[in-house]
>>> print(open('protein_33.cif').read())   # mmCIF, C-alpha atoms
data_query
#
loop_
_atom_site.label_atom_id
_atom_site.label_comp_id
_atom_site.auth_asym_id
_atom_site.auth_seq_id
_atom_site.Cartn_x
_atom_site.Cartn_y
_atom_site.Cartn_z
CA MET A 1 122.95 111.27 117.24
CA VAL A 2 124.06 110.36 120.79
CA SER A 3 126.50 112.91 122.09
CA ALA A 4 129.50 112.03 124.20
CA ILE A 5 127.79 113.67 127.17
CA ASN A 6 125.20 110.88 127.24
CA LEU A 7 127.74 108.06 127.30
CA ARG A 8 129.13 106.47 130.45
CA GLU A 9 132.84 106.73 131.19
CA ASN A 10 133.33 103.18 129.92
CA GLY A 11 131.59 104.03 126.63
CA SER A 12 128.36 102.20 127.37
CA CYS A 13 125.09 103.65 126.13
CA PRO A 14 122.12 102.17 128.01
CA LEU A 15 118.95 102.40 125.96
CA MET A 16 115.34 102.84 126.92
CA ILE A 17 113.44 100.68 124.47
CA THR A 18 109.73 101.33 124.11
CA PHE A 19 108.76 98.32 122.03
CA PRO A 20 106.17 95.81 123.35
CA PHE A 21 108.58 93.03 124.29
CA THR A 22 106.21 91.41 126.76
CA PHE A 23 102.91 92.15 125.08
CA GLN A 24 99.87 91.23 127.13
CA GLY A 25 96.51 92.50 125.96
CA LYS A 26 95.08 92.75 129.48
CA GLU A 27 97.66 95.44 130.34
CA ILE A 28 96.69 97.68 127.45
CA ALA A 29 94.11 100.34 128.18
CA ASP A 30 92.51 100.27 124.74
CA TYR A 31 91.21 96.78 124.02
CA ARG A 32 90.87 97.63 120.32
CA ILE A 33 94.64 97.96 120.11
CA ALA A 34 95.11 94.72 122.03
CA LYS A 35 92.92 92.83 119.56
CA THR A 36 94.90 93.99 116.53
CA LEU A 37 98.35 92.95 117.79
CA ARG A 38 99.82 89.48 117.99
CA PRO A 39 102.22 88.29 120.70
CA SER A 40 104.59 87.15 117.93
CA ALA A 41 105.12 90.80 116.98
CA ALA A 42 106.66 91.43 120.37
CA PHE A 43 109.30 88.76 119.80
CA SER A 44 110.12 90.09 116.34
CA TYR A 45 110.71 93.54 117.84
CA MET A 46 112.89 92.06 120.56
CA THR A 47 114.94 90.01 118.11
CA SER A 48 115.46 92.94 115.75
CA VAL A 49 116.66 95.24 118.54
CA ILE A 50 119.05 92.69 120.05
CA LEU A 51 120.54 91.79 116.67
CA ALA A 52 121.00 95.46 115.79
CA MET A 53 122.74 96.13 119.10
CA GLU A 54 125.02 93.13 118.65
CA ASP A 55 125.89 94.19 115.11
CA PHE A 56 126.89 97.65 116.34
CA ASN A 57 128.87 96.32 119.28
CA ASN A 58 130.75 93.90 116.99
CA ARG A 59 130.98 96.50 114.21
CA ASP A 60 129.43 93.91 111.91
CA ASN A 61 128.73 95.64 108.61
CA SER A 62 126.88 92.75 106.94
CA VAL A 63 123.56 94.61 107.37
CA VAL A 64 124.60 98.22 107.92
CA ALA A 65 127.50 98.85 105.55
CA GLU A 66 128.34 102.18 107.22
CA LEU A 67 129.71 100.31 110.25
CA ASN A 68 132.91 99.67 108.32
CA ARG A 69 133.74 103.37 108.32
CA ALA A 70 136.82 104.43 110.24
CA GLU A 71 134.88 106.71 112.59
CA TYR A 72 132.92 103.69 113.89
CA SER A 73 135.93 101.48 114.50
CA ASN A 74 136.71 100.44 118.06
CA GLU A 75 139.86 102.56 117.91
CA ASN A 76 137.89 105.74 117.15
CA CYS A 77 134.56 104.97 118.81
CA SER A 78 134.32 103.30 122.20
CA ALA A 79 130.52 103.46 122.34
CA TYR A 80 128.58 100.23 122.76
CA PHE A 81 125.08 99.17 123.75
CA PRO A 82 125.05 97.04 126.93
CA LEU A 83 123.06 93.82 126.60
CA HIS A 84 123.47 92.58 130.14
CA GLY A 85 123.49 93.99 133.64
CA SER A 86 121.18 94.88 136.46
CA ARG A 87 118.81 97.85 136.31
CA ASN A 88 120.93 99.87 138.74
CA SER A 89 124.32 99.24 137.16
CA THR A 90 126.03 101.48 134.66
CA SER A 91 125.94 98.61 132.16
CA SER A 92 122.18 98.17 132.36
CA ILE A 93 119.72 98.50 129.55
CA VAL A 94 116.49 100.23 130.50
CA VAL A 95 113.55 98.50 128.87
CA ASP A 96 109.94 99.65 128.88
CA SER A 97 107.83 96.65 127.94
CA GLU A 98 104.45 98.36 128.31
CA SER A 99 104.86 101.12 125.77
CA TYR A 100 101.25 101.41 124.62
CA THR A 101 100.29 103.54 127.61
CA SER A 102 101.94 106.95 127.43
CA THR A 103 101.62 107.50 131.18
CA LYS A 104 103.58 104.32 131.91
CA THR A 105 106.20 105.19 129.33
CA LEU A 106 106.78 108.64 130.82
CA LYS A 107 106.91 107.13 134.29
CA HIS A 108 109.59 104.66 133.18
CA LEU A 109 111.68 107.46 131.68
CA LEU A 110 111.42 109.65 134.76
CA GLU A 111 112.30 106.72 137.04
CA ALA A 112 115.27 105.80 134.87
CA TYR A 113 116.46 109.40 134.64
CA THR A 114 116.60 109.80 138.41
CA GLU A 115 118.82 106.71 138.76
CA SER A 116 122.48 106.32 137.89
CA SER A 117 121.42 104.15 134.95
CA HIS A 118 119.42 106.80 133.13
CA PRO A 119 119.30 106.10 129.37
CA CYS A 120 121.57 107.91 126.97
CA ALA A 121 119.05 107.38 124.17
CA ILE A 122 115.53 106.09 123.51
CA VAL A 123 114.55 103.62 120.78
CA GLY A 124 110.87 103.82 119.89
CA PRO A 125 108.07 104.42 120.50
CA ILE A 126 105.76 102.98 117.86
CA HIS A 127 102.64 105.08 118.52
CA ASN A 128 102.18 108.77 117.72
CA ASP A 129 100.53 109.68 121.02
CA VAL A 130 103.27 108.08 123.09
CA GLY A 131 105.90 109.56 120.81
CA LEU A 132 104.57 113.09 121.18
CA LYS A 133 104.53 113.05 124.98
CA LEU A 134 107.85 111.26 125.21
CA SER A 135 109.50 113.70 122.79
CA ILE A 136 108.43 116.69 124.88
CA LEU A 137 109.87 115.20 128.04
CA ALA A 138 113.01 113.83 126.37
CA SER A 139 113.82 117.22 124.86
CA GLU A 140 113.80 118.76 128.33
CA ILE A 141 116.26 116.25 129.74
CA ASP A 142 118.40 116.13 126.58
CA VAL A 143 117.81 112.49 125.62
CA PRO A 144 117.62 111.74 121.87
CA ILE A 145 114.90 109.51 120.41
CA ILE A 146 114.80 107.44 117.24
CA SER A 147 111.50 105.87 116.24
CA PRO A 148 110.85 103.45 113.39
CA ALA A 149 107.08 103.79 113.41
CA ILE A 150 105.66 107.19 114.37
CA THR A 151 104.09 108.84 111.33
CA SER A 152 102.47 112.07 112.51
CA PRO A 153 103.49 115.11 110.39
CA SER A 154 103.75 117.11 113.63
CA PHE A 155 107.12 115.48 114.26
CA ASN A 156 109.70 117.67 112.59
CA SER A 157 113.26 118.66 113.34
CA ARG A 158 112.37 122.24 114.26
CA ARG A 159 109.77 121.33 116.86
CA TYR A 160 111.50 118.19 118.17
CA PRO A 161 115.21 118.44 117.28
CA LEU A 162 116.13 115.37 119.36
CA THR A 163 113.50 113.09 117.79
CA THR A 164 114.33 111.23 114.59
CA LYS A 165 111.82 109.04 112.77
CA THR A 166 112.60 106.59 110.01
CA MET A 167 109.02 106.15 108.78
CA VAL A 168 107.54 108.52 106.21
CA ASN A 169 104.82 110.73 107.70
CA SER A 170 101.15 109.94 107.20
CA HIS A 171 100.53 112.99 105.02
CA ALA A 172 103.02 111.73 102.42
CA ILE A 173 101.40 108.27 102.59
CA THR A 174 97.92 109.67 101.99
CA GLU A 175 99.21 111.83 99.13
CA ALA A 176 100.46 108.67 97.42
CA LEU A 177 97.16 106.93 98.08
CA VAL A 178 95.17 109.82 96.60
CA ASP A 179 97.39 109.83 93.52
CA PHE A 180 96.89 106.08 93.14
CA LEU A 181 93.11 106.38 93.43
CA ARG A 182 93.04 109.21 90.88
CA TYR A 183 95.08 107.09 88.48
CA LYS A 184 93.14 103.83 88.93
CA SER A 185 89.67 105.28 89.37
CA VAL A 186 89.28 108.04 86.81
CA ASP A 187 85.49 107.81 86.94
CA TRP A 188 85.23 108.08 90.73
CA ASN A 189 84.16 111.36 92.27
CA TYR A 190 83.57 110.24 95.84
CA VAL A 191 85.41 108.07 98.38
CA ALA A 192 84.02 106.98 101.75
CA VAL A 193 86.52 106.21 104.53
CA MET A 194 85.62 104.01 107.49
CA TYR A 195 87.69 104.57 110.63
CA ASP A 196 87.53 104.31 114.40
CA THR A 197 87.98 107.05 117.01
CA GLN A 198 91.60 106.41 117.92
CA ASP A 199 93.91 109.43 117.59
CA TYR A 200 95.97 107.65 114.94
CA SER A 201 92.90 106.95 112.80
CA ILE A 202 91.55 110.48 113.11
CA ASP A 203 94.95 111.94 112.21
CA TRP A 204 95.22 109.63 109.21
CA VAL A 205 91.78 110.55 107.87
CA GLN A 206 92.47 114.25 108.31
CA ASN A 207 95.66 113.88 106.31
CA PHE A 208 93.79 111.92 103.65
CA GLU A 209 91.18 114.67 103.34
CA SER A 210 93.89 117.32 103.20
CA ALA A 211 95.77 115.43 100.49
CA ALA A 212 92.56 114.97 98.48
CA GLU A 213 91.79 118.70 98.67
CA GLU A 214 95.32 119.56 97.56
CA ARG A 215 95.03 117.23 94.58
CA GLU A 216 91.50 118.33 93.61
CA ASP A 217 92.69 121.02 91.21
CA GLY A 218 96.22 119.76 90.83
CA PRO A 219 97.89 117.62 88.19
#
>>> encode(input="protein_33.cif", output="structure tokens")
Amino acid sequence: MVSAINLRENGSCPLMITFPFTFQGKEIADYRIAKTLRPSAAFSYMTSVILAMEDFNNRDNSVVAELNRAEYSNENCSAYFPLHGSRNSTSSIVVDSESYTSTKTLKHLLEAYTESSHPCAIVGPIHNDVGLKLSILASEIDVPIISPAITSPSFNSRRYPLTTKTMVNSHAITEALVDFLRYKSVDWNYVAVMYDTQDYSIDWVQNFESAAEEREDGP
């Protein structure tokens, strides 16, 4: 996914990571989000990312079996993810630890892009709103993104060719939920959904209603 153009001459690929590594509720604009997240989640994100980077750098295929392929060997692929280094060095890793605010995330990317240590790829974000704005900007500066958590159906390869998501979109999730409710609740003819006014919640409910309408006369 990361082209050779993005790599440094020494093969390093500094990443911009938009996970909440240093989560602090007081820094998050929406207190409702702050109340639903635990500081321990931040450390699990950090641990997962560091272990994944180390596995790739060491070509350890104990978790990702594909790393034993010849094209990923050190002889054929010099790319590695730097784990140490200062922010201004070519071996730095650019980390955004306040990724819940899209404005701050975009600011971090723009600041990093104007320096010699601009990221060759972005890992994250975990929220649809941040992901949308970041994808628009990243596509303009030719920086690929891979996100494990964004679920909005608006993210597709045609609209955002440089953004890859590993989570199934919310429309597919709600389709499965509607099918489950139809199977388990054959006598039900009405479902009430309680939700808040966050963009994610509104998008989810809209997809649920759409899936329910599609299934109304279906199998």
>>> residues_around(input="protein_33.cif", residues="His127 of chain A", least_positions_apart="2", cutoff="10 Å", atoms="only C-alpha atoms", output="list in words")
Thr18, Phe19, Ser99, Tyr100, Thr101, Ser102, Gly124, Pro125, Asp129, Val130, Gly131, Leu132, Ser147, Pro148, Ala149, Ile150, Thr151, Ser152, Asp199 and Tyr200 of chain A
>>> residues_around(input="protein_33.cif", residues="segment 156-167 of chain A", least_positions_apart="5", cutoff="12 Å", atoms="all atoms listed in the file", output="ChimeraX atom specification")
/A:1-3,120-128,131-151,172-173
>>> closest_residue(input="protein_33.cif", among="A:Thr105, A:Asn68, A:Ser44, A:Asn189", to="Ile17 of chain A", atoms="all atoms listed in the file")
A:Thr105
>>> atom_distance(input="protein_33.cif", atom1="atom CA of Asn76 of chain A", atom2="atom CA of Ser62 of chain A")
19.9 Å
>>> residues_around(input="protein_33.cif", residues="Asn10 of chain A", least_positions_apart="2", cutoff="12 Å", atoms="all atoms listed in the file", output="PyMOL selection string")
chain A and resi 4+6-8+12-14+77-82+90-91
>>> closest_residue(input="protein_33.cif", among="A:Leu83, A:Phe180, A:Glu209, A:Glu9", to="Ala192 of chain A", atoms="all atoms listed in the file")
A:Glu209
>>> resolve_selection(input="protein_33.cif", expression="the PyMOL selection byres ((chain A and resi 50) around 12)", output="compact mmCIF listing (two decimals) with C-alpha atoms, keeping the file's coordinate frame")
# COMPACT_ATOMS: atom_id res chain seq x y z
CA LEU A 15 118.95 102.40 125.96
CA ILE A 17 113.44 100.68 124.47
CA PHE A 19 108.76 98.32 122.03
CA PHE A 21 108.58 93.03 124.29
CA PHE A 43 109.30 88.76 119.80
CA SER A 44 110.12 90.09 116.34
CA TYR A 45 110.71 93.54 117.84
CA MET A 46 112.89 92.06 120.56
CA THR A 47 114.94 90.01 118.11
CA SER A 48 115.46 92.94 115.75
CA VAL A 49 116.66 95.24 118.54
CA LEU A 51 120.54 91.79 116.67
CA ALA A 52 121.00 95.46 115.79
CA MET A 53 122.74 96.13 119.10
CA GLU A 54 125.02 93.13 118.65
CA ASP A 55 125.89 94.19 115.11
CA PHE A 56 126.89 97.65 116.34
CA ASN A 57 128.87 96.32 119.28
CA PHE A 81 125.08 99.17 123.75
CA PRO A 82 125.05 97.04 126.93
CA LEU A 83 123.06 93.82 126.60
CA HIS A 84 123.47 92.58 130.14
CA ILE A 93 119.72 98.50 129.55
CA VAL A 95 113.55 98.50 128.87
CA VAL A 123 114.55 103.62 120.78
>>> closest_residue(input="protein_33.cif", among="A:Arg69, A:Glu175, A:Ser170, A:Asn61", to="Glu213 of chain A", atoms="all atoms listed in the file")
A:Glu175
>>> residues_around(input="protein_33.cif", residues="Leu109 of chain A", least_positions_apart="2", cutoff="9 Å", atoms="only C-alpha atoms", output="ChimeraX atom specification")
/A:16,94,96,104-107,111-114,118-119,134,137-138
>>> atom_distance(input="protein_33.cif", atom1="atom CA of Val205 of chain A", atom2="atom CA of Asp187 of chain A")
22.0 Å
>>> atom_distance(input="protein_33.cif", atom1="atom CA of Tyr72 of chain A", atom2="atom CA of Val168 of chain A")
27.0 Å
>>> residues_around(input="protein_33.cif", residues="Leu181 of chain A", least_positions_apart="6", cutoff="10 Å", atoms="all atoms listed in the file", output="mmCIF file with C-alpha atoms, keeping the file's coordinate frame")
data_model
loop_
_atom_site.group_PDB
_atom_site.id
_atom_site.type_symbol
_atom_site.label_atom_id
_atom_site.label_comp_id
_atom_site.auth_asym_id
_atom_site.auth_seq_id
_atom_site.Cartn_x
_atom_site.Cartn_y
_atom_site.Cartn_z
ATOM 1 C CA GLU A 175 99.210 111.830 99.130
ATOM 2 C CA TRP A 188 85.230 108.080 90.730
ATOM 3 C CA VAL A 191 85.410 108.070 98.380
ATOM 4 C CA ALA A 212 92.560 114.970 98.480
#
